[in-house]
$ cat upload23.cif   # mmCIF, C-alpha atoms and all ligand atoms
data_entry
loop_
_atom_site.label_atom_id
_atom_site.label_comp_id
_atom_site.auth_asym_id
_atom_site.auth_seq_id
_atom_site.Cartn_x
_atom_site.Cartn_y
_atom_site.Cartn_z
CA MET S 1 105.26 -2.80 232.06
CA ASP S 2 105.39 -6.11 230.19
CA ILE S 3 103.24 -6.53 227.10
CA LYS S 4 101.25 -9.71 227.77
CA LYS S 5 98.68 -9.40 225.01
CA VAL S 6 98.47 -7.32 221.84
CA ALA S 7 95.80 -6.36 219.33
CA VAL S 8 96.86 -6.02 215.69
CA ILE S 9 94.40 -4.07 213.56
CA GLY S 10 94.48 -5.02 209.89
CA GLY S 11 95.57 -8.39 208.48
CA GLY S 12 97.04 -7.21 205.16
CA THR S 13 100.66 -7.66 204.08
CA MET S 14 102.09 -5.82 207.09
CA GLY S 15 99.39 -6.75 209.63
CA ASN S 16 99.62 -10.50 209.06
CA GLY S 17 103.42 -10.33 209.31
CA ILE S 18 103.19 -8.35 212.56
CA THR S 19 100.67 -10.84 213.96
CA HIS S 20 103.00 -13.68 212.95
CA VAL S 21 106.01 -12.28 214.84
CA PHE S 22 104.12 -11.40 218.04
CA ALA S 23 102.40 -14.79 218.22
CA MET S 24 105.57 -16.72 217.35
CA ASN S 25 107.46 -14.93 220.13
CA GLY S 26 104.96 -15.81 222.85
CA ILE S 27 102.70 -12.73 222.90
CA PRO S 28 99.05 -13.70 222.18
CA VAL S 29 97.37 -11.60 219.49
CA ASN S 30 93.83 -10.40 218.93
CA LEU S 31 93.80 -9.95 215.15
CA ILE S 32 91.13 -7.43 214.17
CA GLU S 33 89.74 -7.35 210.62
CA THR S 34 86.63 -5.85 209.04
CA LYS S 35 85.38 -9.03 207.33
CA GLN S 36 85.74 -12.76 208.01
CA GLU S 37 87.12 -13.36 204.49
CA PHE S 38 89.96 -10.87 205.11
CA ALA S 39 90.72 -12.52 208.45
CA ASP S 40 90.71 -15.96 206.79
CA ARG S 41 93.10 -14.72 204.13
CA ALA S 42 95.44 -13.29 206.80
CA MET S 43 95.39 -16.55 208.78
CA ALA S 44 96.09 -18.57 205.60
CA THR S 45 99.12 -16.36 204.87
CA ILE S 46 100.42 -16.71 208.42
CA ASP S 47 99.95 -20.48 208.20
CA LYS S 48 101.89 -20.58 204.89
CA ASN S 49 104.75 -18.45 206.22
CA LEU S 50 104.99 -20.49 209.44
CA GLU S 51 105.04 -23.69 207.37
CA ARG S 52 107.93 -22.25 205.34
CA MET S 53 109.80 -21.77 208.64
CA VAL S 54 109.00 -25.35 209.72
CA GLN S 55 110.34 -26.67 206.39
CA LYS S 56 113.54 -24.64 206.90
CA GLU S 57 113.78 -26.03 210.48
CA LYS S 58 113.64 -22.54 212.02
CA ILE S 59 110.68 -23.57 214.18
CA THR S 60 109.13 -26.95 215.03
CA ALA S 61 105.73 -28.16 213.81
CA GLU S 62 104.60 -27.89 217.43
CA GLN S 63 105.67 -24.22 217.62
CA LYS S 64 103.64 -23.57 214.49
CA VAL S 65 100.52 -25.01 216.14
CA THR S 66 101.12 -23.05 219.37
CA THR S 67 101.63 -19.86 217.36
CA LEU S 68 98.40 -20.30 215.38
CA ASP S 69 96.51 -21.18 218.57
CA SER S 70 97.59 -17.92 220.22
CA ILE S 71 95.90 -15.79 217.52
CA GLN S 72 92.24 -14.95 218.01
CA VAL S 73 90.26 -13.20 215.28
CA PHE S 74 87.85 -10.33 216.02
CA LEU S 75 85.61 -8.43 213.63
CA ASP S 76 84.86 -5.71 216.15
CA VAL S 77 87.49 -3.19 217.27
CA ALA S 78 86.00 -2.55 220.74
CA GLU S 79 85.88 -6.29 221.53
CA GLY S 80 89.38 -6.89 220.21
CA VAL S 81 91.15 -4.16 222.20
CA LYS S 82 89.39 -4.38 225.54
CA ASP S 83 91.93 -6.67 227.25
CA VAL S 84 95.26 -5.81 225.59
CA ASP S 85 98.38 -3.91 226.71
CA LEU S 86 99.42 -2.77 223.24
CA VAL S 87 97.52 -1.99 220.03
CA VAL S 88 99.43 -2.07 216.74
CA GLU S 89 97.49 -0.51 213.87
CA ALA S 90 98.33 -1.60 210.32
CA VAL S 91 95.31 -0.41 208.32
CA PRO S 92 95.61 1.27 204.87
CA GLU S 93 97.54 4.55 204.67
CA ASN S 94 94.44 6.70 204.56
CA LEU S 95 93.95 9.34 207.23
CA ASP S 96 90.15 8.98 207.30
CA ILE S 97 90.37 5.22 207.88
CA LYS S 98 93.02 5.71 210.57
CA LYS S 99 90.93 8.42 212.26
CA ALA S 100 87.92 6.11 212.51
CA VAL S 101 90.03 3.22 213.81
CA TRP S 102 91.89 5.27 216.44
CA SER S 103 88.78 6.89 217.80
CA ALA S 104 87.15 3.45 218.23
CA VAL S 105 90.32 2.08 219.85
CA ASP S 106 90.70 5.08 222.18
CA ALA S 107 87.14 4.67 223.44
CA ALA S 108 87.44 0.94 224.18
CA ALA S 109 91.04 0.20 225.24
CA PRO S 110 92.05 0.11 228.93
CA ASP S 111 93.75 3.26 230.26
CA HIS S 112 97.20 1.67 230.47
CA THR S 113 97.21 0.44 226.83
CA ILE S 114 99.96 1.73 224.55
CA PHE S 115 99.02 2.69 220.99
CA ALA S 116 101.40 2.05 218.08
CA SER S 117 100.92 2.74 214.38
CA ASN S 118 102.83 0.91 211.65
CA THR S 119 102.28 3.89 209.33
CA SER S 120 105.06 4.48 206.80
CA SER S 121 104.06 7.99 205.89
CA ILE S 122 101.52 9.65 208.21
CA SER S 123 102.77 11.84 211.06
CA ILE S 124 102.82 10.02 214.42
CA THR S 125 102.21 13.36 216.16
CA LYS S 126 99.08 13.88 214.05
CA LEU S 127 97.74 10.38 214.76
CA ALA S 128 98.55 10.74 218.48
CA ALA S 129 96.49 13.92 218.60
CA LEU S 130 93.43 11.90 217.49
CA THR S 131 93.54 10.09 220.82
CA GLY S 132 93.26 11.20 224.44
CA ARG S 133 96.69 9.73 225.26
CA PRO S 134 99.39 11.21 222.97
CA GLU S 135 102.08 10.34 225.54
CA LYS S 136 101.20 6.66 225.04
CA PHE S 137 101.27 6.88 221.23
CA ILE S 138 104.28 5.79 219.16
CA GLY S 139 105.28 4.58 215.69
CA MET S 140 106.30 0.95 215.35
CA HIS S 141 107.39 0.71 211.72
CA PHE S 142 108.02 -2.82 210.50
CA PHE S 143 109.45 -3.89 207.13
CA ASN S 144 108.19 -6.31 204.54
CA PRO S 145 108.49 -9.31 204.81
CA VAL S 146 107.99 -8.74 208.54
CA PRO S 147 109.03 -12.25 209.69
CA VAL S 148 112.36 -11.79 207.89
CA MET S 149 113.40 -8.13 208.21
CA LYS S 150 115.27 -7.35 211.42
CA LEU S 151 114.43 -3.64 211.80
CA ALA S 152 111.72 -1.99 213.88
CA GLU S 153 111.95 1.77 213.32
CA ILE S 154 110.53 3.23 216.54
CA VAL S 155 109.12 6.69 215.88
CA ARG S 156 108.67 9.17 218.70
CA GLY S 157 105.88 11.69 218.26
CA LEU S 158 106.13 15.13 219.83
CA GLU S 159 104.52 13.95 223.06
CA THR S 160 105.59 10.28 223.24
CA SER S 161 106.81 9.62 226.79
CA ASP S 162 110.11 7.97 227.66
CA GLU S 163 108.17 5.23 229.43
CA THR S 164 106.20 4.41 226.27
CA TYR S 165 109.41 4.36 224.24
CA ASP S 166 111.11 2.03 226.73
CA VAL S 167 108.22 -0.47 226.73
CA VAL S 168 108.05 -0.56 222.93
CA GLU S 169 111.82 -0.85 222.59
CA ALA S 170 111.86 -3.80 225.02
CA THR S 171 108.90 -5.42 223.22
CA SER S 172 110.67 -5.11 219.85
CA LYS S 173 113.58 -7.08 221.31
CA VAL S 174 111.17 -9.81 222.47
CA LEU S 175 110.15 -10.04 218.79
CA ALA S 176 113.84 -10.51 217.85
CA LYS S 177 113.80 -7.16 216.04
CA VAL S 178 116.44 -4.47 216.36
CA PRO S 179 114.70 -1.27 217.49
CA VAL S 180 116.12 1.98 216.13
CA PRO S 181 114.81 5.26 217.58
CA VAL S 182 113.91 8.10 215.22
CA ASN S 183 111.93 11.30 215.58
CA ASP S 184 108.70 12.06 213.77
CA MET S 185 109.52 13.77 210.46
CA PRO S 186 108.16 12.97 206.98
CA GLY S 187 109.37 9.54 205.87
CA PHE S 188 111.14 9.02 209.23
CA VAL S 189 114.64 7.74 208.27
CA SER S 190 113.78 4.61 206.27
CA ASN S 191 111.54 6.08 203.62
CA ARG S 192 113.32 9.44 203.52
CA VAL S 193 116.42 7.60 202.32
CA LEU S 194 114.82 4.69 200.42
CA MET S 195 112.17 6.51 198.37
CA PRO S 196 114.46 9.10 196.73
CA MET S 197 116.67 6.18 195.65
CA ILE S 198 113.69 4.34 194.14
CA ASN S 199 112.48 7.57 192.50
CA GLU S 200 115.93 8.22 191.01
CA ALA S 201 115.99 4.66 189.64
CA ILE S 202 112.63 5.35 187.96
CA PHE S 203 113.99 8.62 186.52
CA ALA S 204 116.93 6.64 185.08
CA VAL S 205 114.44 4.41 183.22
CA TYR S 206 112.26 7.41 182.26
CA GLU S 207 115.24 9.24 180.75
CA GLY S 208 116.37 6.14 178.85
CA VAL S 209 119.61 5.70 180.77
CA ALA S 210 118.98 1.97 181.19
CA THR S 211 116.25 -0.67 181.28
CA PRO S 212 114.65 -1.66 184.62
CA GLU S 213 116.60 -4.94 184.50
CA HIS S 214 119.90 -3.11 184.00
CA VAL S 215 119.23 -0.50 186.70
CA ASP S 216 118.49 -3.33 189.13
CA GLU S 217 121.54 -5.30 188.03
CA VAL S 218 123.78 -2.29 188.77
CA MET S 219 122.41 -1.89 192.30
CA LYS S 220 122.40 -5.62 193.07
CA LEU S 221 125.88 -6.43 191.79
CA GLY S 222 127.55 -3.08 192.43
CA MET S 223 126.04 -2.20 195.78
CA ALA S 224 125.07 -5.64 197.11
CA HIS S 225 121.37 -4.78 197.47
CA PRO S 226 119.28 -7.98 197.84
CA MET S 227 116.79 -6.63 195.28
CA GLY S 228 117.24 -3.85 192.76
CA PRO S 229 115.26 -0.64 193.46
CA LEU S 230 112.68 -1.27 190.73
CA ARG S 231 112.01 -4.86 191.82
CA LEU S 232 111.73 -3.49 195.37
CA ALA S 233 109.33 -0.76 194.23
CA ASP S 234 107.10 -3.45 192.69
CA PHE S 235 107.35 -5.46 195.94
CA ILE S 236 106.39 -2.45 198.11
CA GLY S 237 103.65 -1.33 195.67
CA LEU S 238 104.04 1.58 193.24
CA ASP S 239 101.00 3.30 194.75
CA VAL S 240 102.62 3.12 198.20
CA CYS S 241 105.90 4.52 196.80
CA LEU S 242 104.00 7.39 195.15
CA ASP S 243 102.07 8.17 198.35
CA ILE S 244 105.27 8.28 200.40
CA LEU S 245 107.05 10.50 197.85
CA ASN S 246 104.09 12.88 197.95
CA VAL S 247 104.30 12.97 201.76
CA LEU S 248 108.00 13.86 201.51
CA TYR S 249 107.34 16.44 198.77
CA ASP S 250 104.46 18.09 200.67
CA GLY S 251 106.16 17.80 204.05
CA PHE S 252 109.47 19.40 203.11
CA LYS S 253 108.25 21.57 200.17
CA ASP S 254 111.46 20.53 198.45
CA PRO S 255 111.41 19.66 194.70
CA LYS S 256 114.05 16.99 195.19
CA TYR S 257 111.24 14.69 196.34
CA ARG S 258 109.00 15.26 193.26
CA PRO S 259 107.70 11.88 192.05
CA CYS S 260 108.91 10.85 188.59
CA PRO S 261 106.15 11.31 185.95
CA LEU S 262 106.66 7.66 184.91
CA LEU S 263 105.75 6.51 188.45
CA ILE S 264 102.59 8.64 188.38
CA LYS S 265 101.66 7.26 184.96
CA MET S 266 102.14 3.65 186.05
CA VAL S 267 99.96 4.16 189.11
CA ASP S 268 97.30 5.83 186.92
CA ALA S 269 97.42 2.78 184.64
CA GLY S 270 96.83 0.45 187.61
CA LYS S 271 100.28 -1.11 187.28
CA LEU S 272 101.05 -1.25 190.99
CA GLY S 273 103.66 -4.03 191.06
CA ASN S 274 103.42 -7.57 192.47
CA LYS S 275 99.90 -7.12 193.84
CA THR S 276 98.38 -6.33 190.42
CA GLY S 277 100.62 -8.72 188.47
CA ALA S 278 102.45 -5.92 186.64
CA GLY S 279 104.75 -3.04 187.45
CA PHE S 280 108.31 -2.65 186.21
CA TYR S 281 108.16 -6.45 185.85
CA SER S 282 105.39 -8.97 185.14
CA TYR S 283 104.34 -11.45 187.84
N1 LIG J 301 107.68 -15.01 205.73
C1 LIG J 301 108.64 -15.75 206.30
N2 LIG J 301 109.85 -15.98 205.72
C2 LIG J 301 110.05 -15.47 204.50
C3 LIG J 301 109.09 -14.71 203.83
C4 LIG J 301 107.86 -14.48 204.49
N3 LIG J 301 106.90 -13.73 203.94
N4 LIG J 301 109.60 -14.33 202.62
C5 LIG J 301 110.84 -14.84 202.56
N5 LIG J 301 111.12 -15.52 203.68
C6 LIG J 301 112.39 -16.15 204.07
C7 LIG J 301 112.70 -17.39 203.30
O1 LIG J 301 112.18 -18.52 203.93
C8 LIG J 301 114.22 -17.39 203.31
O2 LIG J 301 114.72 -17.94 204.53
P1 LIG J 301 116.20 -18.60 204.61
O3 LIG J 301 117.16 -17.47 204.42
O4 LIG J 301 116.26 -19.21 205.95
O5 LIG J 301 116.28 -19.57 203.49
C9 LIG J 301 114.59 -15.93 203.29
O6 LIG J 301 113.43 -15.23 203.73
C10 LIG J 301 114.95 -15.49 201.91
O7 LIG J 301 113.85 -15.80 201.05
P2 LIG J 301 114.02 -16.43 199.60
O8 LIG J 301 115.25 -17.30 199.54
O9 LIG J 301 112.72 -17.02 199.17
O10 LIG J 301 114.20 -15.18 198.68
P3 LIG J 301 115.36 -14.13 198.63
O11 LIG J 301 116.66 -14.68 199.07
O12 LIG J 301 115.22 -13.58 197.27
O13 LIG J 301 114.93 -13.03 199.72
C11 LIG J 301 113.78 -11.13 200.48
C12 LIG J 301 113.69 -12.41 199.69
C13 LIG J 301 113.98 -11.48 201.95
C14 LIG J 301 112.46 -10.42 200.29
C15 LIG J 301 115.02 -10.30 199.98
O14 LIG J 301 114.97 -10.16 198.59
C16 LIG J 301 115.10 -8.93 200.60
O15 LIG J 301 115.59 -8.75 201.70
N6 LIG J 301 114.61 -7.91 199.84
C17 LIG J 301 114.56 -6.52 200.32
C18 LIG J 301 113.31 -6.34 201.12
C19 LIG J 301 113.19 -4.95 201.64
O16 LIG J 301 113.98 -4.06 201.39
N7 LIG J 301 112.13 -4.75 202.42
C20 LIG J 301 111.81 -3.45 202.97
C21 LIG J 301 110.76 -2.80 202.10
S1 LIG J 301 110.40 -1.19 202.65
C22 LIG J 301 109.18 -1.39 203.79
O17 LIG J 301 108.68 -2.47 204.04
C23 LIG J 301 108.79 -0.15 204.51
C24 LIG J 301 107.52 0.48 203.96
O18 LIG J 301 107.27 1.62 204.76
C25 LIG J 301 107.59 0.88 202.52
#
$ encode --input "upload23.cif" --output "structure tokens"
Amino acid sequence: MDIKKVAVIGGGTMGNGITHVFAMNGIPVNLIETKQEFADRAMATIDKNLERMVQKEKITAEQKVTTLDSIQVFLDVAEGVKDVDLVVEAVPENLDIKKAVWSAVDAAAPDHTIFASNTSSISITKLAALTGRPEKFIGMHFFNPVPVMKLAEIVRGLETSDETYDVVEATSKVLAKVPVPVNDMPGFVSNRVLMPMINEAIFAVYEGVATPEHVDEVMKLGMAHPMGPLRLADFIGLDVCLDILNVLYDGFKDPKYRPCPLLIKMVDAGKLGNKTGAGFYSY
């Protein structure tokens, strides 16, 4: 089955990036948001990021117009999913919100439609069980900034069928992403490896081993990371990092995943990184 049209639910950081890459690669998108102002903000971000690509001569001005024209905004889930082959959900990492969204999608989408969640921390098997089609449910985990990062971590839930996997793998390639298959376990592969590194970097600051700047300098210059782990934590959001560490800690019952007290304190203080203007750095 070819994916001819997709619905993306949620136009936040991940959702607008996902919309951008589908539309730019010739797959029309129904972008579903809860309020017009959120949809307008998402479209403005997509416009800005496409313009950046025009300026860098990665796409033409005409491609930018065609891309924007192939995105249609919906404020109603049932309307937005009724004629699509694939739904990609990128709503906040809150099980209650996801439950409400998936039950509305399940009721309104055509029978053949594949369901994908961009969740970074909630079990794909658990989300699949909220729908009547767990064999058609899969994780499609993109990375921020979505138009730039090459990886699509494709997460198979307990009941995901081979056919669903094959369609989503082929679709990822249409988006110029490199699909990597993983099984559904807490943190998948990406966050199971990344978050303990970020947490350890925070412990190094907490224990006075080095300043955030110096920790980041070590990892950038010594290990060729494009951003140090603390700058990256700010970029991802300290609240998101804490949530994912808690998922790993609860999921494996292993103290090696315990979040650093300094991370908890910063989240309590509302210092969440780039999005609040302050984290390990000021923005
Ligand atoms: N949209 C489109 N293009 C963008 C962009 C965006 N939002 N942001 C940056 N770019 C492009 C720029 O145009 C530039 O293109 P060029 O190479 O053709 O010139 C390129 O990306 C690099 O951008 P900049 O020169 O402005 O900045 P940097 O060189 O500092 O790179 C970065 C920025 C790409 C963010 C780089 O620092 C990086 O790769 N950082 C690591 C990001 C990372 O690890 N992301 C994963 C986070 S984990 C996650 O998302 C999973 C979740 O579950 C937690």
$ closest_atom_pairs --input "upload23.cif" --of "chain S" --to "ligand LIG 301 (chain J)" --cutoff "6 Å" --atoms "only C-alpha atoms and all ligand atoms" --output "tab-separated table"
residue	atom	partner	partner_atom	distance
S:Asn49	CA	J:LIG301	N1	4.5
S:Arg52	CA	J:LIG301	O1	5.8
S:Ser120	CA	J:LIG301	O18	4.2
S:Phe143	CA	J:LIG301	O17	3.5
S:Asn144	CA	J:LIG301	O17	3.9
S:Pro145	CA	J:LIG301	N3	4.8
S:Pro147	CA	J:LIG301	C1	4.9
S:Val148	CA	J:LIG301	N2	5.3
S:Pro226	CA	J:LIG301	O14	4.9
S:Met227	CA	J:LIG301	O14	5.2
S:Ile236	CA	J:LIG301	C25	5.7
$ atom_distance --input "upload23.cif" --atom1 "atom CA of S:Thr13" --atom2 "atom CA of S:Gln55"
21.5 Å
$ residues_around --input "upload23.cif" --residues "S:Thr119" --least-positions-apart "5" --cutoff "7 Å" --atoms "all atoms listed in the file" --output "ChimeraX atom specification"
/S:90,93,141
$ closest_residue --input "upload23.cif" --among "S:His225, S:Lys4, S:Arg133, S:Arg192" --to "S:Glu159" --atoms "only C-alpha atoms"
S:Arg133
$ closest_residue --input "upload23.cif" --among "S:Ala128, S:Ala152, S:Val21, S:Ile202" --to "S:Lys265" --atoms "only C-alpha atoms"
S:Ile202
$ closest_residue --input "upload23.cif" --among "S:Gly26, S:Pro229, S:Gly11, S:Gly80" --to "S:Arg41" --atoms "all atoms listed in the file"
S:Gly11
$ residues_around --input "upload23.cif" --residues "S:Asp111" --least-positions-apart "5" --cutoff "12 Å" --atoms "only C-alpha atoms" --output "list of chain:residue names"
S:Val81, S:Lys82, S:Asp83, S:Val84, S:Asp85, S:Leu86, S:Val105, S:Asp106, S:Thr131, S:Gly132, S:Arg133, S:Glu135, S:Lys136
$ residues_around --input "upload23.cif" --residues "S:Val73" --least-positions-apart "4" --cutoff "8 Å" --atoms "all atoms listed in the file" --output "ChimeraX atom specification"
/S:30-33,39
$ closest_residue --input "upload23.cif" --among "S:Ser161, S:Thr45, S:Asn25, S:Ser103" --to "S:Ala176" --atoms "only C-alpha atoms"
S:Asn25
$ closest_residue --input "upload23.cif" --among "S:Val54, S:Met266, S:Leu245, S:Met1" --to "S:Val193" --atoms "only C-alpha atoms"
S:Leu245
$ atom_distance --input "upload23.cif" --atom1 "atom CA of S:Pro259" --atom2 "atom CA of S:Gly273"
16.4 Å
$ closest_residue --input "upload23.cif" --among "S:Lys58, S:Phe22, S:Val240, S:Val215" --to "S:Pro92" --atoms "all atoms listed in the file"
S:Val240
$ atom_distance --input "upload23.cif" --atom1 "atom CA of S:Gly237" --atom2 "atom CA of S:Leu272"
5.4 Å
$ residues_around --input "upload23.cif" --residues "S:Ser123" --least-positions-apart "2" --cutoff "8 Å" --atoms "all atoms listed in the file" --output "list in words"
Ser121, Thr125, Lys126, Leu127, Gly157, Asp184, Met185 and Pro186 of chain S
$ residues_around --input "upload23.cif" --residues "S:Lys256" --least-positions-apart "6" --cutoff "10 Å" --atoms "only C-alpha atoms" --output "PDB file with C-alpha atoms, in the frame of the given file"
ATOM      1  CA  PRO S 196     114.460   9.100 196.730  1.00  0.00           C
ATOM      2  CA  ASN S 199     112.480   7.570 192.500  1.00  0.00           C
ATOM      3  CA  GLU S 200     115.930   8.220 191.010  1.00  0.00           C
ATOM      4  CA  LEU S 245     107.050  10.500 197.850  1.00  0.00           C
ATOM      5  CA  LEU S 248     108.000  13.860 201.510  1.00  0.00           C
ATOM      6  CA  TYR S 249     107.340  16.440 198.770  1.00  0.00           C
TER       7      TYR S 249
END
